[in-house]
file protein.txt (compact mmCIF, C-alpha atoms)
# COMPACT_ATOMS: atom_id res chain seq x y z
CA MET G 157 26.15 115.41 77.03
CA LYS G 158 27.65 117.24 80.01
CA GLU G 159 26.00 120.46 78.89
CA LYS G 160 22.61 118.76 78.56
CA PHE G 161 22.94 117.28 82.02
CA GLN G 162 23.80 120.69 83.47
CA TYR G 163 20.79 122.12 81.66
CA ILE G 164 18.53 119.56 83.34
CA ILE G 165 20.01 120.35 86.75
CA GLN G 166 19.41 124.05 86.21
CA HIS G 167 15.86 123.36 85.06
CA ILE G 168 15.11 121.23 88.12
CA SER G 169 16.63 123.83 90.44
CA THR G 170 14.01 126.32 89.29
CA LYS G 171 11.19 124.13 90.56
CA GLU G 172 9.33 124.93 93.75
CA PRO G 173 9.77 122.64 96.78
CA LEU G 174 6.07 121.86 96.53
CA ASP G 175 6.64 120.28 93.10
CA PHE G 176 9.22 117.91 94.59
CA ILE G 177 6.95 117.10 97.52
CA ILE G 178 4.05 116.29 95.18
CA ALA G 179 6.24 114.21 92.84
CA GLY G 180 7.81 112.34 95.76
CA GLY G 181 4.39 111.82 97.36
CA VAL G 182 3.02 110.34 94.12
CA LEU G 183 5.96 107.95 93.83
CA ILE G 184 5.74 106.88 97.48
CA GLY G 185 1.99 106.44 97.11
CA PHE G 186 2.43 104.20 94.10
CA ILE G 187 5.06 102.14 95.96
CA ILE G 188 2.78 101.75 99.01
CA LEU G 189 -0.23 100.81 96.86
CA SER G 190 1.74 98.46 94.59
CA SER G 191 1.06 95.38 96.73
CA MET G 192 -2.64 96.23 96.98
CA PHE G 193 -2.88 96.74 93.22
CA ALA G 194 -1.07 93.46 92.49
CA LYS G 195 -3.36 91.57 94.87
CA LEU G 196 -6.42 93.18 93.23
CA ILE G 197 -5.33 92.09 89.74
CA MET G 198 -4.58 88.58 90.99
CA ARG G 199 -7.99 88.44 92.68
CA ILE G 200 -9.71 89.56 89.46
CA PHE G 201 -8.01 86.73 87.56
CA LYS G 202 -8.57 84.33 90.49
CA ILE G 203 -4.88 83.68 91.11
CA LYS G 204 -4.03 82.61 94.65
CA ARG G 205 -0.75 84.02 95.88
CA ASP G 206 1.49 81.24 97.13
CA ARG G 207 5.10 80.20 96.88
CA LEU G 208 4.80 78.71 93.44
CA GLU G 209 7.34 80.33 91.12
CA ARG G 210 4.86 81.03 88.33
CA LYS G 211 2.41 82.88 90.57
CA SER G 212 5.08 84.87 92.41
CA LYS G 213 6.31 86.03 88.99
CA ILE G 214 2.88 87.49 88.19
CA TYR G 215 2.78 89.29 91.52
CA GLY G 216 6.27 90.77 91.05
CA LEU G 217 5.65 91.80 87.43
CA ILE G 218 2.39 93.59 88.28
CA LYS G 219 4.14 95.52 91.07
CA PHE G 220 7.00 96.38 88.69
CA VAL G 221 4.70 97.85 86.01
CA TRP G 222 2.72 99.76 88.65
CA ILE G 223 5.82 101.31 90.29
CA VAL G 224 7.33 102.24 86.90
CA THR G 225 4.06 104.01 86.07
CA GLY G 226 4.23 105.90 89.36
CA LEU G 227 7.84 106.91 88.63
CA TYR G 228 6.85 108.20 85.18
CA ILE G 229 3.95 110.25 86.60
CA SER G 230 6.17 111.74 89.30
CA ILE G 231 8.76 112.77 86.67
CA ALA G 232 5.99 114.24 84.51
CA ILE G 233 4.90 116.40 87.48
CA LEU G 234 8.34 118.02 87.48
CA ASN G 235 7.63 119.20 83.91
CA LEU G 236 11.07 118.53 82.43
CA PRO G 237 12.06 119.97 79.01
CA ALA G 238 10.10 118.54 76.08
CA ASP G 239 13.04 116.74 74.46
CA TRP G 240 13.92 114.98 77.72
CA MET G 241 10.28 114.09 78.45
CA SER G 242 10.04 112.62 74.96
CA LYS G 243 12.97 110.31 75.68
CA ILE G 244 11.66 109.39 79.12
CA THR G 245 8.22 108.67 77.62
CA LYS G 246 9.86 106.40 75.03
CA VAL G 247 11.73 104.48 77.73
CA TYR G 248 8.55 104.24 79.84
CA LYS G 249 6.57 102.82 76.89
CA LEU G 250 9.26 100.21 76.16
CA ILE G 251 9.45 99.12 79.80
CA THR G 252 5.65 98.98 80.01
CA ILE G 253 5.37 96.93 76.81
CA TYR G 254 7.96 94.50 78.17
CA GLY G 255 6.26 94.24 81.57
CA LEU G 256 2.69 93.94 80.28
CA THR G 257 3.72 91.33 77.72
CA ARG G 258 5.16 89.18 80.47
CA VAL G 259 2.16 89.77 82.75
CA VAL G 260 -0.36 88.82 80.04
CA ALA G 261 1.69 85.73 79.12
CA GLN G 262 1.85 84.62 82.75
CA LEU G 263 -1.91 85.14 83.14
CA VAL G 264 -2.50 82.39 80.55
CA ARG G 265 -2.80 79.40 82.84
CA PRO G 266 -4.31 75.87 82.63
CA SER G 267 -6.94 76.91 85.22
CA THR G 268 -8.48 79.65 83.02
CA LYS G 269 -12.09 79.26 81.83
CA LEU G 270 -11.01 78.38 78.29
CA PHE G 271 -8.94 75.41 79.42
CA ASN G 272 -11.48 74.41 82.09
CA LYS G 273 -14.05 73.97 79.30
CA PHE G 274 -11.53 71.90 77.40
CA GLN G 275 -10.94 69.76 80.49
CA SER G 276 -14.65 69.24 81.11
CA ASP G 277 -14.96 67.33 77.85
CA GLU G 278 -14.07 63.74 78.77
CA ASN G 279 -13.18 62.89 75.18
CA SER G 280 -10.69 65.76 75.02
CA LYS G 281 -9.34 65.65 78.56
CA ASN G 282 -5.58 65.68 78.32
CA GLU G 283 -3.40 67.54 80.78
CA ASN G 284 -0.43 67.54 78.42
CA ALA G 285 -2.49 69.00 75.57
CA ILE G 286 -3.57 71.82 77.88
CA LYS G 287 0.03 72.53 78.88
CA PHE G 288 1.02 72.56 75.22
CA GLY G 289 -1.82 74.97 74.43
CA VAL G 290 -0.70 77.28 77.25
CA LYS G 291 2.87 77.29 75.86
CA LEU G 292 1.56 78.02 72.35
CA ILE G 293 -0.61 80.97 73.43
CA ARG G 294 2.20 82.38 75.56
CA GLY G 295 4.55 82.08 72.60
CA LEU G 296 2.13 84.04 70.40
CA ILE G 297 1.80 86.73 73.09
CA TYR G 298 5.58 87.10 73.28
CA ILE G 299 5.81 87.34 69.47
CA ILE G 300 3.13 90.07 69.36
CA GLY G 301 4.83 91.89 72.25
CA THR G 302 8.17 91.73 70.43
CA PHE G 303 6.63 93.23 67.27
CA ILE G 304 5.07 96.07 69.29
CA PHE G 305 8.39 96.65 71.07
CA ILE G 306 10.29 96.84 67.76
CA ALA G 307 7.66 99.15 66.26
CA GLU G 308 7.92 101.44 69.30
CA LEU G 309 11.67 101.67 68.71
CA GLY G 310 10.83 103.26 65.35
CA TYR G 311 11.62 100.37 63.01
CA ASP G 312 9.37 99.71 60.02
CA LEU G 313 8.57 96.01 60.31
CA SER G 314 7.42 95.66 56.70
CA GLY G 315 10.57 97.37 55.44
CA LEU G 316 12.69 95.29 57.81
CA ILE G 317 11.20 92.03 56.52
CA THR G 318 11.49 93.16 52.88
CA GLY G 319 15.11 94.16 53.41
CA LEU G 320 16.14 90.75 54.71
CA GLY G 321 16.87 89.56 51.15
CA ILE G 322 18.69 86.23 51.18
CA GLY G 323 18.21 86.03 54.93
CA SER G 324 14.47 85.60 54.35
CA VAL G 325 15.16 82.25 52.67
CA VAL G 326 16.99 81.08 55.77
CA ILE G 327 14.14 82.28 57.94
CA ALA G 328 11.62 80.48 55.70
CA LEU G 329 13.57 77.22 56.00
CA ALA G 330 13.83 77.63 59.78
CA ALA G 331 10.11 78.37 59.94
CA GLN G 332 9.42 75.24 57.91
CA ASP G 333 11.31 73.09 60.44
CA LEU G 334 9.56 74.88 63.28
CA ALA G 335 6.17 74.22 61.67
CA LYS G 336 7.01 70.51 61.24
CA ASN G 337 7.97 70.19 64.89
CA LEU G 338 4.94 72.20 66.00
CA PHE G 339 2.50 70.04 64.03
CA GLY G 340 4.41 66.98 65.24
CA GLY G 341 3.77 68.10 68.82
CA PHE G 342 0.06 68.58 68.04
CA ALA G 343 -0.09 65.10 66.50
CA ILE G 344 1.51 63.55 69.59
CA LEU G 345 -0.92 65.29 71.92
CA THR G 346 -4.10 64.80 69.88
CA ASP G 347 -3.32 61.12 69.19
CA LYS G 348 -2.30 60.70 72.85
CA THR G 349 0.75 58.74 71.74
CA PHE G 350 2.30 59.35 75.14
CA VAL G 351 2.09 61.79 78.04
CA ILE G 352 4.58 63.12 80.57
CA GLY G 353 5.67 60.40 82.98
CA GLU G 354 5.17 57.46 80.60
CA SER G 355 7.97 55.15 79.48
CA ILE G 356 8.58 54.84 75.74
CA LYS G 357 11.03 53.42 73.24
CA VAL G 358 11.73 55.15 69.92
CA GLY G 359 14.60 53.89 67.80
CA GLN G 360 17.55 53.30 70.12
CA THR G 361 16.20 55.71 72.75
CA GLU G 362 14.30 54.34 75.71
CA GLY G 363 13.23 56.20 78.85
CA THR G 364 10.61 58.34 80.60
CA ILE G 365 8.94 61.42 79.08
CA GLU G 366 9.94 64.56 81.02
CA ASP G 367 8.54 67.35 78.85
CA ILE G 368 6.69 67.93 75.56
CA GLY G 369 7.60 71.32 74.09
CA PHE G 370 6.92 73.28 70.90
CA ARG G 371 9.89 71.84 68.99
CA THR G 372 11.17 68.90 70.97
CA THR G 373 10.30 66.25 73.51
CA ARG G 374 12.68 65.53 76.38
CA VAL G 375 13.23 61.88 77.40
CA ARG G 376 15.04 60.85 80.58
CA LYS G 377 16.89 57.67 79.62
CA TYR G 378 17.38 54.80 82.06
CA ASP G 379 21.07 55.69 82.49
CA ASN G 380 19.81 59.11 83.75
CA SER G 381 21.01 60.96 80.64
CA VAL G 382 18.54 63.18 78.73
CA ALA G 383 17.67 62.77 75.05
CA THR G 384 16.03 65.68 73.21
CA ILE G 385 14.08 64.48 70.17
CA PRO G 386 12.42 66.75 67.55
CA ASN G 387 8.64 66.34 67.53
CA SER G 388 8.68 65.87 63.75
CA VAL G 389 10.93 62.80 64.21
CA LEU G 390 8.65 61.36 66.89
CA ALA G 391 5.54 61.91 64.77
CA ASP G 392 7.08 59.89 61.91
CA SER G 393 8.66 57.13 64.04
CA GLU G 394 7.42 53.86 65.45
CA ILE G 395 6.98 54.39 69.19
CA ILE G 396 6.59 51.66 71.79
CA ASN G 397 4.74 52.96 74.83
CA TRP G 398 5.56 50.61 77.68
CA SER G 399 3.17 52.43 80.02
CA LYS G 400 0.15 51.42 77.91
CA LEU G 401 0.84 47.71 78.38
CA GLN G 402 -2.17 45.80 79.70
CA LYS G 403 -0.08 42.76 80.56
CA ARG G 404 3.51 41.49 80.28
CA ARG G 405 4.84 38.18 79.00
CA PHE G 406 7.22 35.97 80.93
CA LEU G 407 9.31 33.78 78.63
CA CYS G 408 11.83 31.15 79.71
CA THR G 409 13.55 28.16 78.08
CA LEU G 410 14.98 25.31 80.16
CA LYS G 411 17.47 22.81 78.72
CA VAL G 412 17.87 19.49 80.55
CA GLY G 413 20.40 16.72 79.85
CA LEU G 414 19.87 13.81 77.46
CA GLU G 415 19.98 11.44 80.43
CA VAL G 416 16.63 12.81 81.67
CA LYS G 417 13.85 10.36 80.86
CA GLN G 418 10.55 11.17 79.15
CA LYS G 419 8.56 10.50 82.35
CA GLU G 420 10.77 12.91 84.30
CA ILE G 421 10.20 15.61 81.68
CA ASN G 422 6.42 15.08 81.84
CA ASP G 423 6.48 15.18 85.67
CA LEU G 424 8.55 18.39 85.58
CA ILE G 425 6.05 20.05 83.20
CA LYS G 426 3.15 19.03 85.49
CA LYS G 427 4.91 20.33 88.61
CA LEU G 428 5.76 23.66 86.97
CA SER G 429 2.18 24.03 85.64
CA PHE G 430 0.78 23.39 89.10
CA GLU G 431 3.06 25.97 90.73
CA PHE G 432 2.32 28.57 88.05
CA GLN G 433 -1.44 28.07 88.46
CA LYS G 434 -1.12 28.84 92.17
CA ASP G 435 0.69 32.12 91.54
CA LYS G 436 -1.81 35.00 91.91
CA ASP G 437 0.36 37.34 89.81
CA ILE G 438 0.03 35.09 86.74
CA ILE G 439 -3.10 35.49 84.63
CA GLU G 440 -5.29 32.42 84.91
CA GLU G 441 -5.04 29.93 82.02
CA SER G 442 -2.32 32.00 80.35
CA THR G 443 0.50 29.58 81.14
CA LYS G 444 1.93 27.29 78.45
CA ILE G 445 4.67 24.85 79.41
CA TYR G 446 5.67 22.29 76.78
CA PHE G 447 8.46 20.04 75.49
CA SER G 448 9.66 22.28 72.65
CA LYS G 449 12.89 20.91 71.20
CA ILE G 450 15.30 17.98 70.98
CA ASP G 451 18.87 19.22 70.60
CA HIS G 452 22.21 17.47 70.24
CA ASP G 453 23.12 18.26 73.87
CA GLY G 454 19.73 18.15 75.63
CA TYR G 455 15.98 18.63 75.66
CA GLU G 456 14.34 22.06 75.77
CA ILE G 457 11.25 22.94 77.79
CA SER G 458 9.58 26.28 76.98
CA ILE G 459 7.58 28.35 79.49
CA ILE G 460 5.22 31.16 78.49
CA ALA G 461 3.07 33.02 81.02
CA TYR G 462 1.37 36.41 81.27
CA THR G 463 1.03 38.73 84.26
CA ASN G 464 -1.03 41.84 84.95
CA ILE G 465 2.04 43.52 86.47
CA VAL G 466 2.98 46.25 83.98
CA ASN G 467 5.16 48.49 86.15
CA TYR G 468 8.73 47.78 85.06
CA ASP G 469 10.30 47.65 88.52
CA GLU G 470 7.51 45.44 89.85
CA TYR G 471 7.80 43.21 86.79
CA LEU G 472 11.52 42.69 87.43
CA GLU G 473 10.65 41.58 90.96
CA PHE G 474 8.05 39.19 89.51
CA VAL G 475 10.65 37.73 87.12
CA SER G 476 13.07 37.22 89.99
CA GLN G 477 10.47 35.41 92.12
CA THR G 478 9.31 33.27 89.18
CA ASN G 479 12.86 32.21 88.33
CA SER G 480 13.40 31.27 91.97
CA LEU G 481 10.23 29.18 91.83
CA ILE G 482 11.51 27.34 88.73
CA ILE G 483 14.86 26.59 90.39
CA GLU G 484 13.04 25.32 93.48
CA VAL G 485 10.97 22.89 91.38
CA LEU G 486 14.09 21.69 89.53
CA ASP G 487 15.85 21.03 92.85
CA LYS G 488 12.88 19.05 94.20
CA GLU G 489 12.77 16.95 91.02
CA ARG G 490 16.57 16.61 91.12
CA ILE G 491 16.93 17.74 87.54
CA LYS G 492 19.93 19.81 86.53
CA LEU G 493 20.12 22.20 83.62
CA VAL G 494 22.86 21.78 81.03
CA TYR G 495 25.19 24.48 79.78
CA PRO G 496 25.61 25.23 76.07
CA THR G 497 28.37 23.18 74.45
CA TYR G 498 30.61 24.23 71.60
CA ASP G 499 32.47 22.13 69.03
CA VAL G 500 36.10 23.23 69.13
CA SER G 501 37.49 20.34 67.08
CA ILE G 502 39.83 21.24 64.26
CA LYS G 503 38.59 20.09 60.88
CA LYS G 504 41.21 18.82 58.41
call {"tool": "encode", "arguments": {"input": "protein.txt", "output": "structure tokens"}}
result
Amino acid sequence: MKEKFQYIIQHISTKEPLDFIIAGGVLIGFIILSSMFAKLIMRIFKIKRDRLERKSKIYGLIKFVWIVTGLYISIAILNLPADWMSKITKVYKLITIYGLTRVVAQLVRPSTKLFNKFQSDENSKNENAIKFGVKLIRGLIYIIGTFIFIAELGYDLSGLITGLGIGSVVIALAAQDLAKNLFGGFAILTDKTFVIGESIKVGQTEGTIEDIGFRTTRVRKYDNSVATIPNSVLADSEIINWSKLQKRRFLCTLKVGLEVKQKEINDLIKKLSFEFQKDKDIIEESTKIYFSKIDHDGYEISIIAYTNIVNYDEYLEFVSQTNSLIIEVLDKERIKLVYPTYDVSIKK
């Protein structure tokens, strides 16, 4: 290795100063023009340069590929020995494949013409489906880029796949699970079961959708922990989407003592009905207040009402105000609620 390095030094030392000046000038020129070239590419693809991470990545990657190309050309000008140039060319191709793969993947954006046409169709308009499609296309680009990269390294892909033997069975099983989750994600998006930002309940998991990926969906639970659920599981499960509620039900049961007379119960029902009818947050004619049960320790009065308030936090505030209203009516009527009683006698 030391001898080869010395050979390169000797070879370079034979070059004329003009060769170094030209090679250095080419490299400096490429560096100076890198920003202009990156801006030109971004303008062609109608990408505005701002501080968004995704767009700054495109800008940096384009500059990187451009400068690497300039470095390769400047080295080629020096006319190094054929065996060394072959290795440098190999490295340049690998770096270029890596850089271009990332650039092309980053150029696939929701604002491209393909996805704009998809958005223009009102029946198909779904921001989350577009994001999923972008992820899918980018994934395919990375897979193709990886195959090209491996082929450039000199590996025979067909022979590599054939030689996997037992490992191919494992890959097939993994691919089967991947396919299930991928089709599960498509089913979720096409059926519009839920979108990012909506609150759902599936099994024992309840929370807000944070992300819908190829394989899994991420749910931020109400205790701030994150649950990651395979799309195949979600596609086969019963899902309650709280965000698609058109109205919510308020349900309450009051138990008054046996000493309360029938007239007092009727007056209490009338008073509560009157107050509920005045409440603007309660849907008109949705209230049902009735004498529902005679128990061994009291009488039960059931209250059912519906409200258009579907936001969970706002609904909790509505429940609090409605309960306060009920207590206020009970105080005015001088009726007290009874507590549950338990028989603790010992049977012989």
call {"tool": "atom_distance", "arguments": {"input": "protein.txt", "atom1": "CA of Asp451 in chain G", "atom2": "CA of Asp423 in chain G"}}
result
19.9 Å
call {"tool": "closest_residue", "arguments": {"input": "protein.txt", "among": "G:Ile223, G:Ile293, G:Leu481, G:Ala238", "to": "Phe370 in chain G", "atoms": "all atoms listed in the file"}}
result
G:Ile293
call {"tool": "atom_distance", "arguments": {"input": "protein.txt", "atom1": "CA of Phe186 in chain G", "atom2": "CA of Lys213 in chain G"}}
result
19.3 Å
call {"tool": "atom_distance", "arguments": {"input": "protein.txt", "atom1": "CA of Phe350 in chain G", "atom2": "CA of Ser388 in chain G"}}
result
14.6 Å
call {"tool": "residues_around", "arguments": {"input": "protein.txt", "residues": "range 403-419 of chain G", "least_positions_apart": "3", "cutoff": "6 Å", "atoms": "only C-alpha atoms", "output": "short mmCIF file (atom, residue, chain, number, x, y, z; two decimals) with C-alpha atoms, in the coordinates of the input"}}
result
data_model
loop_
_atom_site.label_atom_id
_atom_site.label_comp_id
_atom_site.auth_asym_id
_atom_site.auth_seq_id
_atom_site.Cartn_x
_atom_site.Cartn_y
_atom_site.Cartn_z
CA ASN G 422 6.42 15.08 81.84
CA GLY G 454 19.73 18.15 75.63
CA TYR G 455 15.98 18.63 75.66
CA GLU G 456 14.34 22.06 75.77
CA ILE G 457 11.25 22.94 77.79
CA SER G 458 9.58 26.28 76.98
CA ILE G 459 7.58 28.35 79.49
CA ILE G 460 5.22 31.16 78.49
CA ALA G 461 3.07 33.02 81.02
CA TYR G 462 1.37 36.41 81.27
CA THR G 463 1.03 38.73 84.26
CA ASN G 464 -1.03 41.84 84.95
CA VAL G 466 2.98 46.25 83.98
CA LEU G 493 20.12 22.20 83.62
CA VAL G 494 22.86 21.78 81.03
#
call {"tool": "closest_residue", "arguments": {"input": "protein.txt", "among": "G:Ile253, G:Ile483, G:Leu183, G:Ile177", "to": "Tyr228 in chain G", "atoms": "only C-alpha atoms"}}
result
G:Leu183
call {"tool": "residues_around", "arguments": {"input": "protein.txt", "residues": "Ile465 in chain G", "least_positions_apart": "6", "cutoff": "12 Å", "atoms": "all atoms listed in the file", "output": "PyMOL selection string"}}
result
chain G and resi 398-406+436-439+471-475
call {"tool": "write_last_selection", "arguments": {"input": "protein.txt", "atoms": "C-alpha atoms", "output": "mmCIF file, in the coordinates of the input"}}
result
data_model
loop_
_atom_site.group_PDB
_atom_site.id
_atom_site.type_symbol
_atom_site.label_atom_id
_atom_site.label_comp_id
_atom_site.auth_asym_id
_atom_site.auth_seq_id
_atom_site.Cartn_x
_atom_site.Cartn_y
_atom_site.Cartn_z
ATOM 1 C CA TRP G 398 5.560 50.610 77.680
ATOM 2 C CA SER G 399 3.170 52.430 80.020
ATOM 3 C CA LYS G 400 0.150 51.420 77.910
ATOM 4 C CA LEU G 401 0.840 47.710 78.380
ATOM 5 C CA GLN G 402 -2.170 45.800 79.700
ATOM 6 C CA LYS G 403 -0.080 42.760 80.560
ATOM 7 C CA ARG G 404 3.510 41.490 80.280
ATOM 8 C CA ARG G 405 4.840 38.180 79.000
ATOM 9 C CA PHE G 406 7.220 35.970 80.930
ATOM 10 C CA LYS G 436 -1.810 35.000 91.910
ATOM 11 C CA ASP G 437 0.360 37.340 89.810
ATOM 12 C CA ILE G 438 0.030 35.090 86.740
ATOM 13 C CA ILE G 439 -3.100 35.490 84.630
ATOM 14 C CA TYR G 471 7.800 43.210 86.790
ATOM 15 C CA LEU G 472 11.520 42.690 87.430
ATOM 16 C CA GLU G 473 10.650 41.580 90.960
ATOM 17 C CA PHE G 474 8.050 39.190 89.510
ATOM 18 C CA VAL G 475 10.650 37.730 87.120
#
call {"tool": "closest_residue", "arguments": {"input": "protein.txt", "among": "G:Asp367, G:His452, G:Phe430, G:Ala261", "to": "Leu292 in chain G", "atoms": "all atoms listed in the file"}}
result
G:Ala261
